[in-house]
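As structure tokens, the structure follows; a few thoughts come after it.
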Amino acid sequence: MTPNVLSRSLRKGGHGKGRMVLFSLVAIFATLLSACGGDNTSNSGSKTTTLNVLASPNGNFKASNFNPFIDPSNGAMYGAQGMIYETLIYMNRYDGGVTDMLASDHKLADDASSVTFTIRNGVKWNDGQAFSADDVIFTLNLLKQYPALDQQGLWTNIIKDVTNPDSNTIKVDFKSPNSIALWNFSQLYIVPKHTWSSVSDPATYTNDKPVGTGPYTLKSFGPQAYTLQKNTSYWQSGLPKIDQLRYLATSDNTAAQLKISKGEIDWAGVGWDPKYDASFTQVDPQHYHHWFPGNNTVMLYLNLTRAPFNDLKVRQAISLAINRDDIHAKAALYADPANPTAVLPSHKAFLSSDYQNAKFSPDAAQAESLLKEAGYTKGSDGIYQKNGKKISFQMIVPSGWADWEATLAVISDNLKAIGIDAKPNSLATPDVYTAALNKGDYDAAISWTDKGPSPYFTFVDLLRSDKTWGNGKVIAGGSTNWEHWQDSATDKLLNQYLASADPNAQKQAIQGIEKIMVDQLPVIPLDYNVGWFEYTTKTAVGWPDQNNPYAYGSPFDAPDNENIVLHLSPANS
């Protein structure tokens, strides 16, 4: 099964692509679960609303680590980001909307050369001390002093200078115009100067007594569960309405799905097996739900430096042969077939009118006609060849990623039917697979694209010329343009989007790239990698869903997790 969490720090490249992380999720002790019910009664007799949240990759919580600069996949606890520590702004990855948080206002310059934040008054840290612009300046300087903390590459890629025009204002000048900088700042967690200034090594600091501005504080910690409780002095009056979040340790995906299907977990984001639907959404459709929206596009990557993939007609033939409905039915039940542009359904406002209703339709006859136009003839074995060389290649995927292995099996059958020999090859580990992609040491592969609040984030690492391997070049964090697409027109459109804060200019740039995707097929879109999200309404209501898609729903995404919990109310209120 493909990963249920794609951690930004482990995605490939500096903006979010890298190693896939597959959370193995463990059976939770029944006694622990029975003690973790939704509504508990306090000693005073009042109801305490507690959400049970599934969250651990390793079977237990090895250390009370609430450092917001350490990714949870590297040992920090879920909830540190978002629930305890907050950002200046929140940018909704689903629709691109921006909400002011610790900043009461923000202004991106018309020429995208800087951003100015007005720091919110009246906010307190959960130890009672006042939050101020000094904390923001301190946090930014901390990232500059300790580059390992700067997961968003703010100082590497964006910030030229930071000034403090007055006690409540911070102005950040950029190295070059950057219209997407707000996305990077929306991932910057602010820490208190009065506690962190004495930390000797912030990159390894476990921060077991976290002091944040967020809606929750740490109540208790144990190896199988930890609990966050409502911050009673939270700056958003009346919020949160959920009293406690109890995060539960897990380590086996099958056992986790079983517990979810029984309603013993209120909030999860794990790869889902449809066999559990019968005991989940169908048994109690009033309370048990899941919503799996597409959150990035799965591609068939072809190594464009190798024949026959450097021939557009061959790429077109391969795409025409693939039956994406078969993939949906046989391999990836929850993954809807992609638009030919690769633009996500949530970003459909960016789609050109030419592609609003576009979809892939398999056409084996046309695929074979294109191969013949490209100079290929079918051999006695049914495989097309040219100059004695057959169209024969391997398609790589990590072993055990069952849905993608099944996807490649469908593609292999589709291609064999038109005279192409394409063999699935399951590699031993995700690391071996990623290394092959990063070096261009492969023929074809199935993989994802980046997530973000607009199609730019899908396209930039995927298509930008300077983000690929080759010529002895070493790219920090690994290459991202795995297929080795080199096209000045594409780069110009990406630069146009980056350099302009004008929504019309940005949309024009995206639509230019859509045409390149459709006409030139640098990669072949397959379907939408889903955002796993399971939840119950027994304890809380107000969750995002297909009718109210205010956020992607996984508790593993931050600071989206905070946005979700601030929308929730107790089910019995």
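Starting from 1 in every chain, residues are counted up; chains themselves are A, B, ... following the order of the structure tokens, and ligands are numbered from 1 as listed.
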
Can you list, as a PyMOL selection string, all residues belonging to stretch 230-451 of chain A that DSSP tags as strand (DSSP E)? chain A and resi 230+244-248+267-268+288-290+294-302+377-378+384-386+389-390+392-398+421-427+444-447

Filtered DSSP result for stretch 110-303 of chain A, state alpha helix (DSSP H), as a PyMOL selection string: chain A and resi 133-145+181-185+193-196+253-261

File dump, residues just selected, C-alpha atoms, as a compact mmCIF listing (two decimals), in the first residue's frame:
```
# COMPACT_ATOMS: atom_id res chain seq x y z
CA ALA A 133 7.08 40.42 17.61
CA ASP A 134 10.30 39.66 19.50
CA ASP A 135 9.33 35.98 19.50
CA VAL A 136 8.87 36.01 15.73
CA ILE A 137 12.22 37.75 15.15
CA PHE A 138 13.85 35.29 17.55
CA THR A 139 12.36 32.30 15.72
CA LEU A 140 13.49 33.55 12.31
CA ASN A 141 17.01 34.18 13.60
CA LEU A 142 17.03 30.75 15.22
CA LEU A 143 16.42 29.19 11.80
CA LYS A 144 19.20 31.29 10.33
CA GLN A 145 21.63 30.24 13.07
CA ALA A 181 6.45 32.64 0.03
CA LEU A 182 3.23 32.76 2.03
CA TRP A 183 3.03 28.98 1.74
CA ASN A 184 6.48 28.65 3.30
CA PHE A 185 5.62 31.07 6.11
CA LYS A 193 12.17 33.58 23.10
CA HIS A 194 11.99 33.44 26.90
CA THR A 195 12.32 29.63 26.96
CA TRP A 196 14.21 28.79 23.76
CA ASN A 253 -1.81 -1.27 9.68
CA THR A 254 -4.26 -4.18 9.70
CA ALA A 255 -4.89 -3.96 13.43
CA ALA A 256 -5.27 -0.19 13.15
CA GLN A 257 -7.89 -0.49 10.41
CA LEU A 258 -9.77 -3.03 12.51
CA LYS A 259 -9.84 -0.67 15.50
CA ILE A 260 -11.00 2.19 13.28
CA SER A 261 -13.70 0.02 11.75
```

Which residue, A:Asn52, A:Thr250, A:Asn295, A:Thr213, has the smallest gap to A:Ile265 when you use only C-alpha atoms?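 Closest residue, counting only C-alpha atoms: A:Asn52.
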
Of the candidates A:Trp235, A:Pro544, A:Thr458, A:Ala422, which one gets nearest to A:Asn121 if we count only C-alpha atoms? A:Trp235

Which residue gives the smallest distance to A:Asn323 among A:Lys492, A:Lys378, A:Lys359, A:His106, with only C-alpha atoms counted?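 Looking only at the distances to A:Asn323, the closest residue turns out to be A:Lys359.
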
Need the shell around stretch 545-560 of chain A: protein/DNA/RNA residues with any atom at most 7 Å away, counting only C-alpha atoms. Skip same-chain ones fewer than 6 positions apart. Format as JSON, numbers by chain? {"A": [5, 78, 81, 82, 92, 94, 267, 268, 269, 291, 531, 532, 533]}

Write out as a PyMOL selection string the residues lying within 9 Å of A:Lys467, counting only C-alpha atoms and excluding same-chain residues fewer than 6 positions away. chain A and resi 13+460-461+475+478-482+484

Could you check which of A:Gln229, A:Asn60, A:Asn65, A:Asn74 is closest to A:Ile242, using only C-alpha atoms?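 Under the stated criterion, the closest residue is A:Gln229.
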
Measuring between only C-alpha atoms, which one of A:Leu218, A:Met299, A:Val211, A:Leu526 shows the shortest distance to A:His328? A:Leu526

Got a sec: who's within 9 Å of A:Gln508, counting only C-alpha atoms, leaving out chain neighbours fewer than 3 positions off, as a PDB file with N, CA, C and O atoms, in the first residue's frame?
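Writing the result to result-v3.pdb gives the following:
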```pdb
ATOM      1  N   PHE A 350      -8.175  26.614 -11.766  1.00  0.00           N
ATOM      2  CA  PHE A 350      -7.018  26.934 -12.597  1.00  0.00           C
ATOM      3  C   PHE A 350      -7.119  26.321 -13.994  1.00  0.00           C
ATOM      4  O   PHE A 350      -6.327  26.654 -14.870  1.00  0.00           O
ATOM      5  N   SER A 352      -7.877  25.492 -17.714  1.00  0.00           N
ATOM      6  CA  SER A 352      -8.318  26.128 -18.949  1.00  0.00           C
ATOM      7  C   SER A 352      -9.663  25.539 -19.358  1.00  0.00           C
ATOM      8  O   SER A 352      -9.964  24.369 -19.076  1.00  0.00           O
ATOM      9  N   LEU A 493       7.266  29.783 -17.891  1.00  0.00           N
ATOM     10  CA  LEU A 493       5.939  29.843 -17.282  1.00  0.00           C
ATOM     11  C   LEU A 493       6.014  29.663 -15.761  1.00  0.00           C
ATOM     12  O   LEU A 493       5.302  30.344 -15.010  1.00  0.00           O
ATOM     13  N   GLN A 496       7.166  32.866 -14.400  1.00  0.00           N
ATOM     14  CA  GLN A 496       6.088  33.865 -14.454  1.00  0.00           C
ATOM     15  C   GLN A 496       5.196  33.740 -13.225  1.00  0.00           C
ATOM     16  O   GLN A 496       4.833  34.747 -12.605  1.00  0.00           O
ATOM     17  N   TYR A 497       4.841  32.519 -12.883  1.00  0.00           N
ATOM     18  CA  TYR A 497       4.001  32.314 -11.703  1.00  0.00           C
ATOM     19  C   TYR A 497       4.720  32.766 -10.438  1.00  0.00           C
ATOM     20  O   TYR A 497       4.155  33.476  -9.591  1.00  0.00           O
ATOM     21  N   PRO A 503      -3.083  37.278  -9.623  1.00  0.00           N
ATOM     22  CA  PRO A 503      -3.749  35.980  -9.844  1.00  0.00           C
ATOM     23  C   PRO A 503      -3.989  35.670 -11.313  1.00  0.00           C
ATOM     24  O   PRO A 503      -3.927  34.504 -11.723  1.00  0.00           O
ATOM     25  N   ASN A 504      -4.239  36.690 -12.121  1.00  0.00           N
ATOM     26  CA  ASN A 504      -4.481  36.447 -13.549  1.00  0.00           C
ATOM     27  C   ASN A 504      -3.216  35.981 -14.250  1.00  0.00           C
ATOM     28  O   ASN A 504      -3.254  35.070 -15.087  1.00  0.00           O
ATOM     29  N   ALA A 505      -2.078  36.598 -13.907  1.00  0.00           N
ATOM     30  CA  ALA A 505      -0.802  36.180 -14.495  1.00  0.00           C
ATOM     31  C   ALA A 505      -0.441  34.768 -14.047  1.00  0.00           C
ATOM     32  O   ALA A 505       0.094  33.975 -14.824  1.00  0.00           O
ATOM     33  N   GLN A 511      -2.072  27.637 -16.953  1.00  0.00           N
ATOM     34  CA  GLN A 511      -2.766  27.116 -18.128  1.00  0.00           C
ATOM     35  C   GLN A 511      -1.811  26.874 -19.297  1.00  0.00           C
ATOM     36  O   GLN A 511      -2.028  25.961 -20.105  1.00  0.00           O
ATOM     37  N   GLY A 512      -0.726  27.642 -19.352  1.00  0.00           N
ATOM     38  CA  GLY A 512       0.309  27.351 -20.342  1.00  0.00           C
ATOM     39  C   GLY A 512       0.979  26.024 -20.079  1.00  0.00           C
ATOM     40  O   GLY A 512       1.277  25.252 -21.011  1.00  0.00           O
ATOM     41  N   ILE A 513       1.211  25.720 -18.799  1.00  0.00           N
ATOM     42  CA  ILE A 513       1.827  24.444 -18.435  1.00  0.00           C
ATOM     43  C   ILE A 513       0.849  23.297 -18.671  1.00  0.00           C
ATOM     44  O   ILE A 513       1.252  22.192 -19.075  1.00  0.00           O
TER      45      ILE A 513
END
```

Do a neighbour search on stretch 158-172 of chain A at 6 Å with only C-alpha atoms, toss out local chain neighbours closer than 4 positions, and write the hits as a list in words.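 The filter keeps Ser114, Val115, Thr116, Phe117, Thr118, Ile119, Ala133 and Leu154 of chain A.
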
Save out the residues we just selected, N, CA, C and O atoms, as a PDB file, in the first residue's frame.
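File written: part11.pdb
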```
ATOM      1  N   SER A 114       8.390  41.219  -1.122  1.00  0.00           N
ATOM      2  CA  SER A 114       8.448  41.205   0.339  1.00  0.00           C
ATOM      3  C   SER A 114       7.080  40.864   0.907  1.00  0.00           C
ATOM      4  O   SER A 114       6.065  40.882   0.195  1.00  0.00           O
ATOM      5  N   VAL A 115       7.060  40.559   2.187  1.00  0.00           N
ATOM      6  CA  VAL A 115       5.801  40.379   2.903  1.00  0.00           C
ATOM      7  C   VAL A 115       5.920  41.090   4.239  1.00  0.00           C
ATOM      8  O   VAL A 115       6.981  41.114   4.857  1.00  0.00           O
ATOM      9  N   THR A 116       4.832  41.720   4.660  1.00  0.00           N
ATOM     10  CA  THR A 116       4.790  42.426   5.933  1.00  0.00           C
ATOM     11  C   THR A 116       3.726  41.794   6.819  1.00  0.00           C
ATOM     12  O   THR A 116       2.586  41.603   6.394  1.00  0.00           O
ATOM     13  N   PHE A 117       4.112  41.462   8.045  1.00  0.00           N
ATOM     14  CA  PHE A 117       3.197  40.861   9.009  1.00  0.00           C
ATOM     15  C   PHE A 117       2.922  41.847  10.146  1.00  0.00           C
ATOM     16  O   PHE A 117       3.866  42.433  10.699  1.00  0.00           O
ATOM     17  N   THR A 118       1.665  42.019  10.481  1.00  0.00           N
ATOM     18  CA  THR A 118       1.287  42.733  11.696  1.00  0.00           C
ATOM     19  C   THR A 118       1.056  41.695  12.778  1.00  0.00           C
ATOM     20  O   THR A 118       0.238  40.780  12.604  1.00  0.00           O
ATOM     21  N   ILE A 119       1.784  41.819  13.882  1.00  0.00           N
ATOM     22  CA  ILE A 119       1.746  40.793  14.913  1.00  0.00           C
ATOM     23  C   ILE A 119       0.539  41.001  15.822  1.00  0.00           C
ATOM     24  O   ILE A 119       0.240  42.117  16.248  1.00  0.00           O
ATOM     25  N   ALA A 133       6.258  40.463  18.823  1.00  0.00           N
ATOM     26  CA  ALA A 133       7.076  40.419  17.612  1.00  0.00           C
ATOM     27  C   ALA A 133       8.485  39.926  17.913  1.00  0.00           C
ATOM     28  O   ALA A 133       9.141  39.332  17.034  1.00  0.00           O
ATOM     29  N   LEU A 154      13.581  28.840   4.234  1.00  0.00           N
ATOM     30  CA  LEU A 154      13.300  30.275   4.221  1.00  0.00           C
ATOM     31  C   LEU A 154      14.559  31.104   3.998  1.00  0.00           C
ATOM     32  O   LEU A 154      14.582  32.014   3.163  1.00  0.00           O
TER      33      LEU A 154
END
```

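For the pair atom CA of A:Asn425 and atom CA of A:Val397, the separation is 6.4 Å.
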